[in-house]
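Asker: The file below is query-v9.pdb, PDB, C-alpha atoms:
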```pdb
ATOM      1  CA  MET A 130     -13.312  25.683 -12.242  1.00  0.00           C
ATOM      2  CA  ILE A 131     -12.826  21.971 -11.739  1.00  0.00           C
ATOM      3  CA  PRO A 132      -9.545  21.064 -13.540  1.00  0.00           C
ATOM      4  CA  PHE A 133      -7.003  23.076 -11.571  1.00  0.00           C
ATOM      5  CA  ARG A 134      -8.160  21.602  -8.269  1.00  0.00           C
ATOM      6  CA  ILE A 135      -8.193  18.007  -9.495  1.00  0.00           C
ATOM      7  CA  ILE A 136      -4.481  17.791  -8.625  1.00  0.00           C
ATOM      8  CA  SER A 137      -5.420  17.811  -4.933  1.00  0.00           C
ATOM      9  CA  ALA A 138      -7.621  14.774  -5.531  1.00  0.00           C
ATOM     10  CA  PHE A 139      -4.687  12.896  -7.031  1.00  0.00           C
ATOM     11  CA  GLY A 140      -2.599  13.779  -4.000  1.00  0.00           C
ATOM     12  CA  ALA A 141      -5.269  12.445  -1.681  1.00  0.00           C
ATOM     13  CA  ALA A 142      -5.475   9.205  -3.631  1.00  0.00           C
ATOM     14  CA  VAL A 143      -1.729   8.597  -3.469  1.00  0.00           C
ATOM     15  CA  ALA A 144      -1.621   9.328   0.244  1.00  0.00           C
ATOM     16  CA  LEU A 145      -4.512   7.023   1.061  1.00  0.00           C
ATOM     17  CA  SER A 146      -3.601   4.079  -1.141  1.00  0.00           C
ATOM     18  CA  ALA A 147      -1.331   1.108  -0.729  1.00  0.00           C
ATOM     19  CA  CYS A 148      -0.334   1.360   2.908  1.00  0.00           C
ATOM     20  CA  VAL A 149       0.152  -1.704   5.058  1.00  0.00           C
ATOM     21  CA  THR A 150       0.032   0.331   8.263  1.00  0.00           C
ATOM     22  CA  PRO A 151      -2.202   3.363   8.777  1.00  0.00           C
ATOM     23  CA  VAL A 152      -0.393   6.705   8.872  1.00  0.00           C
ATOM     24  CA  THR A 153      -1.725  10.178   9.535  1.00  0.00           C
ATOM     25  CA  THR A 154       0.494  11.993   7.051  1.00  0.00           C
ATOM     26  CA  ALA A 155       1.153  11.393   3.386  1.00  0.00           C
ATOM     27  CA  PRO A 156       4.384   9.479   2.684  1.00  0.00           C
ATOM     28  CA  SER A 157       7.154  11.544   1.172  1.00  0.00           C
ATOM     29  CA  ALA A 158       9.733  10.591  -1.415  1.00  0.00           C
ATOM     30  CA  PRO A 159      12.261   8.026  -0.185  1.00  0.00           C
ATOM     31  CA  ALA A 160      15.507   9.455   1.133  1.00  0.00           C
ATOM     32  CA  SER A 161      17.506   6.737  -0.550  1.00  0.00           C
ATOM     33  CA  THR A 162      17.161   4.479  -3.570  1.00  0.00           C
ATOM     34  CA  SER A 163      19.217   1.698  -2.029  1.00  0.00           C
ATOM     35  CA  THR A 164      17.644  -1.570  -0.954  1.00  0.00           C
ATOM     36  CA  ALA A 165      20.209  -1.913   1.806  1.00  0.00           C
ATOM     37  CA  VAL A 166      19.435  -1.084   5.419  1.00  0.00           C
ATOM     38  CA  PRO A 167      22.164   1.034   7.078  1.00  0.00           C
ATOM     39  CA  SER A 168      24.538  -1.378   8.784  1.00  0.00           C
ATOM     40  CA  GLY A 169      24.322   0.506  12.068  1.00  0.00           C
ATOM     41  CA  ALA A 170      20.518   0.705  12.125  1.00  0.00           C
ATOM     42  CA  ASN A 171      18.672  -0.862  15.040  1.00  0.00           C
ATOM     43  CA  THR A 172      16.330  -3.004  12.934  1.00  0.00           C
ATOM     44  CA  GLY A 173      14.273  -6.116  13.425  1.00  0.00           C
ATOM     45  CA  ALA A 174      15.623  -7.475  10.139  1.00  0.00           C
ATOM     46  CA  THR A 175      19.352  -7.529   9.484  1.00  0.00           C
ATOM     47  CA  LEU A 176      20.911  -6.188   6.309  1.00  0.00           C
ATOM     48  CA  ALA A 177      21.460  -9.724   5.069  1.00  0.00           C
ATOM     49  CA  GLN A 178      17.864 -10.723   5.816  1.00  0.00           C
ATOM     50  CA  PHE A 179      16.339  -7.715   4.086  1.00  0.00           C
ATOM     51  CA  THR A 180      18.565  -8.144   1.042  1.00  0.00           C
ATOM     52  CA  SER A 181      17.727 -11.848   0.909  1.00  0.00           C
ATOM     53  CA  VAL A 182      13.978 -11.178   1.070  1.00  0.00           C
ATOM     54  CA  VAL A 183      14.252  -8.634  -1.749  1.00  0.00           C
ATOM     55  CA  ALA A 184      16.270 -11.083  -3.856  1.00  0.00           C
ATOM     56  CA  ARG A 185      13.667 -13.836  -3.443  1.00  0.00           C
ATOM     57  CA  MET A 186      10.485 -11.766  -3.551  1.00  0.00           C
ATOM     58  CA  GLU A 187      11.219  -9.386  -6.415  1.00  0.00           C
ATOM     59  CA  PRO A 188      11.441 -11.963  -9.246  1.00  0.00           C
ATOM     60  CA  VAL A 189       8.308 -13.756  -8.014  1.00  0.00           C
ATOM     61  CA  ALA A 190       6.374 -10.484  -7.796  1.00  0.00           C
ATOM     62  CA  GLU A 191       7.534  -9.496 -11.277  1.00  0.00           C
ATOM     63  CA  ALA A 192       6.527 -12.886 -12.693  1.00  0.00           C
ATOM     64  CA  GLU A 193       3.053 -12.581 -11.136  1.00  0.00           C
ATOM     65  CA  CYS A 194       2.782  -9.054 -12.504  1.00  0.00           C
ATOM     66  CA  ARG A 195       3.616 -10.146 -16.044  1.00  0.00           C
ATOM     67  CA  ALA A 196       1.145 -13.039 -15.822  1.00  0.00           C
ATOM     68  CA  ARG A 197      -1.741 -11.088 -14.299  1.00  0.00           C
ATOM     69  CA  ALA A 198      -1.260  -7.587 -15.703  1.00  0.00           C
ATOM     70  CA  PRO A 199      -0.078  -7.867 -19.325  1.00  0.00           C
ATOM     71  CA  GLY A 200       1.251  -4.572 -20.574  1.00  0.00           C
ATOM     72  CA  ALA A 201       1.989  -3.201 -17.096  1.00  0.00           C
ATOM     73  CA  ASN A 202       5.449  -2.075 -16.038  1.00  0.00           C
ATOM     74  CA  CYS A 203       6.573  -4.982 -13.859  1.00  0.00           C
ATOM     75  CA  ASP A 204      10.128  -3.802 -13.136  1.00  0.00           C
ATOM     76  CA  TYR A 205       9.775  -3.242  -9.399  1.00  0.00           C
ATOM     77  CA  LYS A 206      12.066  -0.858  -7.582  1.00  0.00           C
ATOM     78  CA  ILE A 207      12.373  -1.541  -3.843  1.00  0.00           C
ATOM     79  CA  VAL A 208      13.723   1.305  -1.731  1.00  0.00           C
ATOM     80  CA  VAL A 209      14.298   2.215   1.896  1.00  0.00           C
ATOM     81  CA  ASP A 210      13.279   5.534   3.431  1.00  0.00           C
ATOM     82  CA  ARG A 211      16.165   6.121   5.847  1.00  0.00           C
ATOM     83  CA  ARG A 212      14.645   9.045   7.742  1.00  0.00           C
ATOM     84  CA  ALA A 213      14.816   8.323  11.446  1.00  0.00           C
ATOM     85  CA  ASP A 214      11.576  10.220  12.128  1.00  0.00           C
ATOM     86  CA  ALA A 215       9.507   8.438   9.449  1.00  0.00           C
ATOM     87  CA  PRO A 216       6.771   6.261  11.025  1.00  0.00           C
ATOM     88  CA  ALA A 217       6.570   2.522  10.450  1.00  0.00           C
ATOM     89  CA  ASN A 218       5.104   2.218   6.982  1.00  0.00           C
ATOM     90  CA  ALA A 219       5.379   0.530   3.603  1.00  0.00           C
ATOM     91  CA  TYR A 220       3.660   1.798   0.486  1.00  0.00           C
ATOM     92  CA  GLN A 221       3.527   1.380  -3.267  1.00  0.00           C
ATOM     93  CA  SER A 222       3.940   4.269  -5.665  1.00  0.00           C
ATOM     94  CA  VAL A 223       4.879   4.844  -9.300  1.00  0.00           C
ATOM     95  CA  THR A 224       7.719   7.009 -10.583  1.00  0.00           C
ATOM     96  CA  GLU A 225       7.234   9.627 -13.304  1.00  0.00           C
ATOM     97  CA  SER A 226       8.533   7.091 -15.805  1.00  0.00           C
ATOM     98  CA  GLY A 227       5.907   4.562 -14.662  1.00  0.00           C
ATOM     99  CA  GLN A 228       8.158   2.240 -12.659  1.00  0.00           C
ATOM    100  CA  PRO A 229       6.386   0.609  -9.689  1.00  0.00           C
ATOM    101  CA  THR A 230       8.168   1.379  -6.433  1.00  0.00           C
ATOM    102  CA  ILE A 231       7.826  -0.218  -3.014  1.00  0.00           C
ATOM    103  CA  THR A 232       9.125   1.885  -0.135  1.00  0.00           C
ATOM    104  CA  PHE A 233       9.917   0.632   3.367  1.00  0.00           C
ATOM    105  CA  THR A 234      10.709   2.964   6.222  1.00  0.00           C
ATOM    106  CA  VAL A 235      13.492   1.930   8.578  1.00  0.00           C
ATOM    107  CA  ALA A 236      10.944   1.965  11.404  1.00  0.00           C
ATOM    108  CA  LEU A 237       8.845  -0.721   9.709  1.00  0.00           C
ATOM    109  CA  ILE A 238      11.876  -2.911   9.134  1.00  0.00           C
ATOM    110  CA  ALA A 239      12.619  -2.517  12.826  1.00  0.00           C
ATOM    111  CA  ASP A 240       9.051  -3.589  13.650  1.00  0.00           C
ATOM    112  CA  VAL A 241       9.036  -6.976  11.934  1.00  0.00           C
ATOM    113  CA  TYR A 242       9.689 -10.074  14.033  1.00  0.00           C
ATOM    114  CA  ASN A 243      10.879 -12.344  11.226  1.00  0.00           C
ATOM    115  CA  VAL A 244      11.542 -12.562   7.492  1.00  0.00           C
ATOM    116  CA  ASP A 245       8.054 -13.960   6.847  1.00  0.00           C
ATOM    117  CA  GLU A 246       6.502 -10.699   8.055  1.00  0.00           C
ATOM    118  CA  LEU A 247       8.903  -8.689   5.927  1.00  0.00           C
ATOM    119  CA  ALA A 248       8.151 -10.831   2.875  1.00  0.00           C
ATOM    120  CA  PHE A 249       4.385 -10.616   3.398  1.00  0.00           C
ATOM    121  CA  VAL A 250       4.479  -6.814   3.580  1.00  0.00           C
ATOM    122  CA  MET A 251       6.511  -6.774   0.377  1.00  0.00           C
ATOM    123  CA  GLY A 252       4.094  -9.144  -1.342  1.00  0.00           C
ATOM    124  CA  HIS A 253       1.123  -7.055  -0.223  1.00  0.00           C
ATOM    125  CA  GLU A 254       2.581  -3.871  -1.693  1.00  0.00           C
ATOM    126  CA  ALA A 255       3.573  -5.633  -4.918  1.00  0.00           C
ATOM    127  CA  ALA A 256      -0.019  -6.869  -5.226  1.00  0.00           C
ATOM    128  CA  HIS A 257      -1.380  -3.314  -5.046  1.00  0.00           C
ATOM    129  CA  HIS A 258       0.460  -2.512  -8.274  1.00  0.00           C
ATOM    130  CA  ILE A 259      -0.618  -5.709 -10.025  1.00  0.00           C
ATOM    131  CA  ARG A 260      -4.259  -5.024  -9.170  1.00  0.00           C
ATOM    132  CA  GLY A 261      -3.970  -1.411 -10.326  1.00  0.00           C
ATOM    133  CA  HIS A 262      -5.198  -0.033  -7.027  1.00  0.00           C
ATOM    134  CA  LEU A 263      -3.295   3.250  -7.211  1.00  0.00           C
ATOM    135  CA  SER A 264      -4.776   4.328 -10.545  1.00  0.00           C
ATOM    136  CA  ARG A 265      -8.227   3.039  -9.601  1.00  0.00           C
ATOM    137  CA  THR A 266      -8.115   5.046  -6.379  1.00  0.00           C
ATOM    138  CA  GLN A 267      -7.057   8.134  -8.301  1.00  0.00           C
ATOM    139  CA  ASP A 268      -9.983   7.681 -10.681  1.00  0.00           C
ATOM    140  CA  THR A 269     -12.544   7.471  -7.880  1.00  0.00           C
ATOM    141  CA  ALA A 270     -10.917  10.411  -6.093  1.00  0.00           C
ATOM    142  CA  VAL A 271     -11.210  12.565  -9.207  1.00  0.00           C
ATOM    143  CA  ALA A 272     -14.822  11.472  -9.713  1.00  0.00           C
ATOM    144  CA  GLY A 273     -15.552  12.386  -6.101  1.00  0.00           C
ATOM    145  CA  ALA A 274     -13.930  15.794  -6.532  1.00  0.00           C
ATOM    146  CA  VAL A 275     -16.040  16.468  -9.621  1.00  0.00           C
ATOM    147  CA  ILE A 276     -19.222  15.517  -7.773  1.00  0.00           C
ATOM    148  CA  GLY A 277     -18.216  17.758  -4.877  1.00  0.00           C
ATOM    149  CA  SER A 278     -17.592  20.642  -7.256  1.00  0.00           C
ATOM    150  CA  LEU A 279     -20.952  20.190  -8.975  1.00  0.00           C
ATOM    151  CA  LEU A 280     -22.701  20.021  -5.619  1.00  0.00           C
ATOM    152  CA  GLY A 281     -20.941  23.193  -4.508  1.00  0.00           C
ATOM    153  CA  ALA A 282     -21.916  24.989  -7.703  1.00  0.00           C
ATOM    154  CA  ALA A 283     -25.541  23.901  -7.286  1.00  0.00           C
ATOM    155  CA  LEU A 284     -25.539  25.215  -3.732  1.00  0.00           C
ATOM    156  CA  GLY A 285     -23.944  28.488  -4.771  1.00  0.00           C
ATOM    157  CA  ALA A 286     -20.826  27.939  -2.666  1.00  0.00           C
ATOM    158  CA  ASP A 287     -18.003  30.485  -2.777  1.00  0.00           C
ATOM    159  CA  ALA A 288     -14.444  29.580  -3.849  1.00  0.00           C
ATOM    160  CA  GLN A 289     -13.484  28.312  -0.392  1.00  0.00           C
ATOM    161  CA  GLY A 290     -16.674  26.292  -0.123  1.00  0.00           C
ATOM    162  CA  LEU A 291     -16.082  24.749  -3.542  1.00  0.00           C
ATOM    163  CA  GLN A 292     -12.582  23.693  -2.593  1.00  0.00           C
ATOM    164  CA  THR A 293     -13.810  22.192   0.684  1.00  0.00           C
ATOM    165  CA  LEU A 294     -16.475  20.162  -1.130  1.00  0.00           C
ATOM    166  CA  GLN A 295     -13.993  19.068  -3.793  1.00  0.00           C
ATOM    167  CA  ASN A 296     -11.534  17.879  -1.154  1.00  0.00           C
ATOM    168  CA  LEU A 297     -14.296  16.094   0.737  1.00  0.00           C
ATOM    169  CA  GLY A 298     -15.498  14.461  -2.466  1.00  0.00           C
ATOM    170  CA  ALA A 299     -11.961  13.363  -3.320  1.00  0.00           C
ATOM    171  CA  THR A 300     -11.497  11.839   0.129  1.00  0.00           C
ATOM    172  CA  VAL A 301     -14.804   9.971  -0.010  1.00  0.00           C
ATOM    173  CA  GLY A 302     -14.055   8.813  -3.557  1.00  0.00           C
ATOM    174  CA  SER A 303     -10.586   7.581  -2.705  1.00  0.00           C
ATOM    175  CA  ARG A 304     -11.867   5.559   0.251  1.00  0.00           C
ATOM    176  CA  THR A 305     -14.897   4.041  -1.442  1.00  0.00           C
ATOM    177  CA  TYR A 306     -13.085   0.815  -2.316  1.00  0.00           C
ATOM    178  CA  SER A 307      -9.992   1.121  -0.119  1.00  0.00           C
ATOM    179  CA  LYS A 308     -10.948  -1.709   2.255  1.00  0.00           C
ATOM    180  CA  SER A 309     -11.652  -4.122  -0.578  1.00  0.00           C
ATOM    181  CA  TYR A 310      -8.363  -3.090  -2.220  1.00  0.00           C
ATOM    182  CA  GLU A 311      -6.473  -3.925   0.963  1.00  0.00           C
ATOM    183  CA  LEU A 312      -8.084  -7.347   1.130  1.00  0.00           C
ATOM    184  CA  GLU A 313      -7.344  -7.949  -2.554  1.00  0.00           C
ATOM    185  CA  ALA A 314      -3.707  -7.069  -1.904  1.00  0.00           C
ATOM    186  CA  ASP A 315      -3.632  -9.386   1.119  1.00  0.00           C
ATOM    187  CA  GLN A 316      -5.014 -12.223  -1.018  1.00  0.00           C
ATOM    188  CA  LEU A 317      -2.587 -11.817  -3.916  1.00  0.00           C
ATOM    189  CA  GLY A 318       0.231 -10.892  -1.539  1.00  0.00           C
ATOM    190  CA  THR A 319      -0.305 -14.226   0.177  1.00  0.00           C
ATOM    191  CA  ILE A 320       0.183 -16.053  -3.127  1.00  0.00           C
ATOM    192  CA  ILE A 321       3.323 -14.088  -3.993  1.00  0.00           C
ATOM    193  CA  THR A 322       4.792 -14.623  -0.533  1.00  0.00           C
ATOM    194  CA  ALA A 323       4.100 -18.359  -0.560  1.00  0.00           C
ATOM    195  CA  ARG A 324       5.521 -18.820  -4.051  1.00  0.00           C
ATOM    196  CA  ALA A 325       8.718 -17.109  -2.913  1.00  0.00           C
ATOM    197  CA  GLY A 326       9.062 -19.734  -0.197  1.00  0.00           C
ATOM    198  CA  TYR A 327       7.899 -17.752   2.834  1.00  0.00           C
ATOM    199  CA  ASN A 328       5.038 -18.419   5.259  1.00  0.00           C
ATOM    200  CA  PRO A 329       2.255 -15.833   4.699  1.00  0.00           C
ATOM    201  CA  VAL A 330       0.222 -16.970   7.729  1.00  0.00           C
ATOM    202  CA  ARG A 331       3.214 -16.367   9.951  1.00  0.00           C
ATOM    203  CA  GLY A 332       3.867 -13.135   8.097  1.00  0.00           C
ATOM    204  CA  ALA A 333       0.317 -11.898   8.659  1.00  0.00           C
ATOM    205  CA  GLN A 334       0.919 -12.039  12.400  1.00  0.00           C
ATOM    206  CA  TYR A 335       2.262  -8.543  11.904  1.00  0.00           C
ATOM    207  CA  PHE A 336      -1.386  -7.434  11.942  1.00  0.00           C
ATOM    208  CA  THR A 337      -1.719  -8.598  15.549  1.00  0.00           C
ATOM    209  CA  ARG A 338       0.748  -5.919  16.683  1.00  0.00           C
ATOM    210  CA  ILE A 339      -0.564  -2.847  14.864  1.00  0.00           C
ATOM    211  CA  PRO A 340      -3.584  -0.747  15.874  1.00  0.00           C
ATOM    212  CA  ASP A 341      -6.855  -2.317  14.743  1.00  0.00           C
ATOM    213  CA  PRO A 342      -8.775   0.192  12.591  1.00  0.00           C
ATOM    214  CA  GLY A 343     -12.017  -1.679  13.243  1.00  0.00           C
ATOM    215  CA  ASP A 344     -14.836  -1.490  10.720  1.00  0.00           C
ATOM    216  CA  GLN A 345     -15.088   2.276  10.408  1.00  0.00           C
ATOM    217  CA  PHE A 346     -17.339   3.933   7.857  1.00  0.00           C
ATOM    218  CA  LEU A 347     -15.109   5.155   5.002  1.00  0.00           C
ATOM    219  CA  GLY A 348     -12.084   3.839   6.858  1.00  0.00           C
ATOM    220  CA  SER A 349      -9.028   3.166   4.725  1.00  0.00           C
ATOM    221  CA  HIS A 350      -8.237  -0.298   6.149  1.00  0.00           C
ATOM    222  CA  PRO A 351     -10.377  -3.333   7.095  1.00  0.00           C
ATOM    223  CA  PRO A 352     -10.252  -4.910  10.573  1.00  0.00           C
ATOM    224  CA  ASN A 353      -7.019  -6.793  11.266  1.00  0.00           C
ATOM    225  CA  ALA A 354      -8.892 -10.027  12.018  1.00  0.00           C
ATOM    226  CA  GLN A 355     -10.511  -9.912   8.574  1.00  0.00           C
ATOM    227  CA  ARG A 356      -7.112  -9.488   6.950  1.00  0.00           C
ATOM    228  CA  ILE A 357      -5.619 -12.433   8.820  1.00  0.00           C
ATOM    229  CA  GLU A 358      -8.641 -14.567   7.880  1.00  0.00           C
ATOM    230  CA  THR A 359      -8.159 -13.607   4.213  1.00  0.00           C
ATOM    231  CA  VAL A 360      -4.570 -14.850   4.358  1.00  0.00           C
ATOM    232  CA  LYS A 361      -5.558 -18.137   6.003  1.00  0.00           C
ATOM    233  CA  ARG A 362      -8.412 -18.712   3.549  1.00  0.00           C
ATOM    234  CA  THR A 363      -6.125 -18.028   0.582  1.00  0.00           C
ATOM    235  CA  MET A 364      -3.503 -20.433   1.865  1.00  0.00           C
ATOM    236  CA  ALA A 365      -6.144 -23.120   2.328  1.00  0.00           C
ATOM    237  CA  THR A 366      -6.899 -22.978  -1.413  1.00  0.00           C
ATOM    238  CA  MET A 367      -3.270 -23.272  -2.501  1.00  0.00           C
TER     239      MET A 367
END
```
Represent the structure from my file as structure tokens, please.

Answerer:
Amino acid sequence: MIPFRIISAFGAAVALSACVTPVTTAPSAPASTSTAVPSGANTGATLAQFTSVVARMEPVAEAECRARAPGANCDYKIVVDRRADAPANAYQSVTESGQPTITFTVALIADVYNVDELAFVMGHEAAHHIRGHLSRTQDTAVAGAVIGSLLGAALGADAQGLQTLQNLGATVGSRTYSKSYELEADQLGTIITARAGYNPVRGAQYFTRIPDPGDQFLGSHPPNAQRIETVKRTMATM
């Protein structure tokens, strides 16, 4: 009874992993595969600035990927979700062919105050792929779903009860290491951003303007202050 429901665990893992800003709904496929922001968009970063950040960050991220994750697909694809109703968000995903993809919504681009913030977000998402966070989250989500299914079977739960326990197990599993993954991505993202010539400490000021998730049990993101401190500590060692 377990296998056919495992797909829901994978979906939970993808939705909960690799987000710079917390969202309440799972990100959908990007509406466009262009790295260009619409010229008429009311954004915090201009078309030229966004394109320039991509041009400088992408080769550095790919070089770090090849050095730190031998054998991984390091050909990043950076896209913009042009939907006007999409919330401010950036996330890393992988295409069916295995290509790592970093998606920015137009709302997030409109939120940044400078190119350092834009570069830091990009470096953070690139780091998620290098560290293998998406697949690791999927693995723990599946393990959690299996445990939930076994618990349900032991308790004699009906089909609906089994599915509820599987989904709960997948959620718990996917969030077990999510905070540490975010901090790992902040640390490596800081290195990538700095090596591309941007200021990660200035870029991390973006965290001062988004809701602070606090230190919630099984929360998906660590406190903003802890993330900023991680960036500063990393820079002090470089």

Asker: A:Thr363, A:Val244, A:Ile207, A:Pro216: which is nearest A:Thr230, counting only C-alpha atoms?

Answerer: A:Ile207

Asker: Applying the PyMOL selection byres ((chain A and resi 255) around 10) to the file I just gave you, which residues come out? Please list them as a PyMOL selection string.

Answerer: chain A and resi 147+186-187+189-191+193-194+203+205+207+220-222+229-231+249-254+256-260+314+317-318+321

Asker: Could you work out how far atom CA of A:Leu247 lies from atom CA of A:Ile320, giving the answer in Å with one decimal?

Answerer: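 Result for atom CA of A:Ile320 versus atom CA of A:Leu247: 14.6 Å, one decimal.
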
Asker: Could you state the separation of atom CA of A:Val223 and atom CA of A:Val209 in Å, given to one decimal place?

Answerer: 14.9 Å

Asker: What is the distance, in Å and to one decimal place, between atom CA of A:Ala201 and atom CA of A:Arg362?

Answerer: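 That distance, rounded to one decimal, is 27.8 Å.
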
Asker: Taking the file as I've supplied it (selection: the PyMOL selection byres ((chain A and resi 323-333) around 7)), which residues are included? Please answer as a ChimeraX atom specification.

Answerer: /A:185-186,189,245-246,248-249,319-322,334-336,357,360-361

Asker: Which one of A:Val241, A:Ile339, A:Leu312, A:Ala219 sits closest to A:Gln178 if you count all atoms listed in the file?

Answerer: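 Comparing A:Val241, A:Ile339, A:Leu312, A:Ala219 against A:Gln178, the winner is A:Val241.
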
Asker: Please tell me which residues are no farther than 9 Å from (6.8, 1.8, 8.3) in the file, counting only C-alpha atoms, and write them as a CSV table (one decimal) with C-alpha atoms, in the coordinates of the input.

Answerer:
```
chain,number,residue,atom,x,y,z
A,148,CYS,CA,-0.3,1.4,2.9
A,149,VAL,CA,0.2,-1.7,5.1
A,150,THR,CA,0.0,0.3,8.3
A,152,VAL,CA,-0.4,6.7,8.9
A,210,ASP,CA,13.3,5.5,3.4
A,215,ALA,CA,9.5,8.4,9.4
A,216,PRO,CA,6.8,6.3,11.0
A,217,ALA,CA,6.6,2.5,10.4
A,218,ASN,CA,5.1,2.2,7.0
A,219,ALA,CA,5.4,0.5,3.6
A,220,TYR,CA,3.7,1.8,0.5
A,232,THR,CA,9.1,1.9,-0.1
A,233,PHE,CA,9.9,0.6,3.4
A,234,THR,CA,10.7,3.0,6.2
A,235,VAL,CA,13.5,1.9,8.6
A,236,ALA,CA,10.9,2.0,11.4
A,237,LEU,CA,8.8,-0.7,9.7
A,238,ILE,CA,11.9,-2.9,9.1
A,239,ALA,CA,12.6,-2.5,12.8
A,240,ASP,CA,9.1,-3.6,13.6
```

Asker: Would you please work out which residue, of A:His262, A:Pro188, A:Thr175, A:Arg212, is nearest to A:Ser307 when using all atoms listed in the file?

Answerer: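 So, comparing all the options, the nearest one is A:His262.
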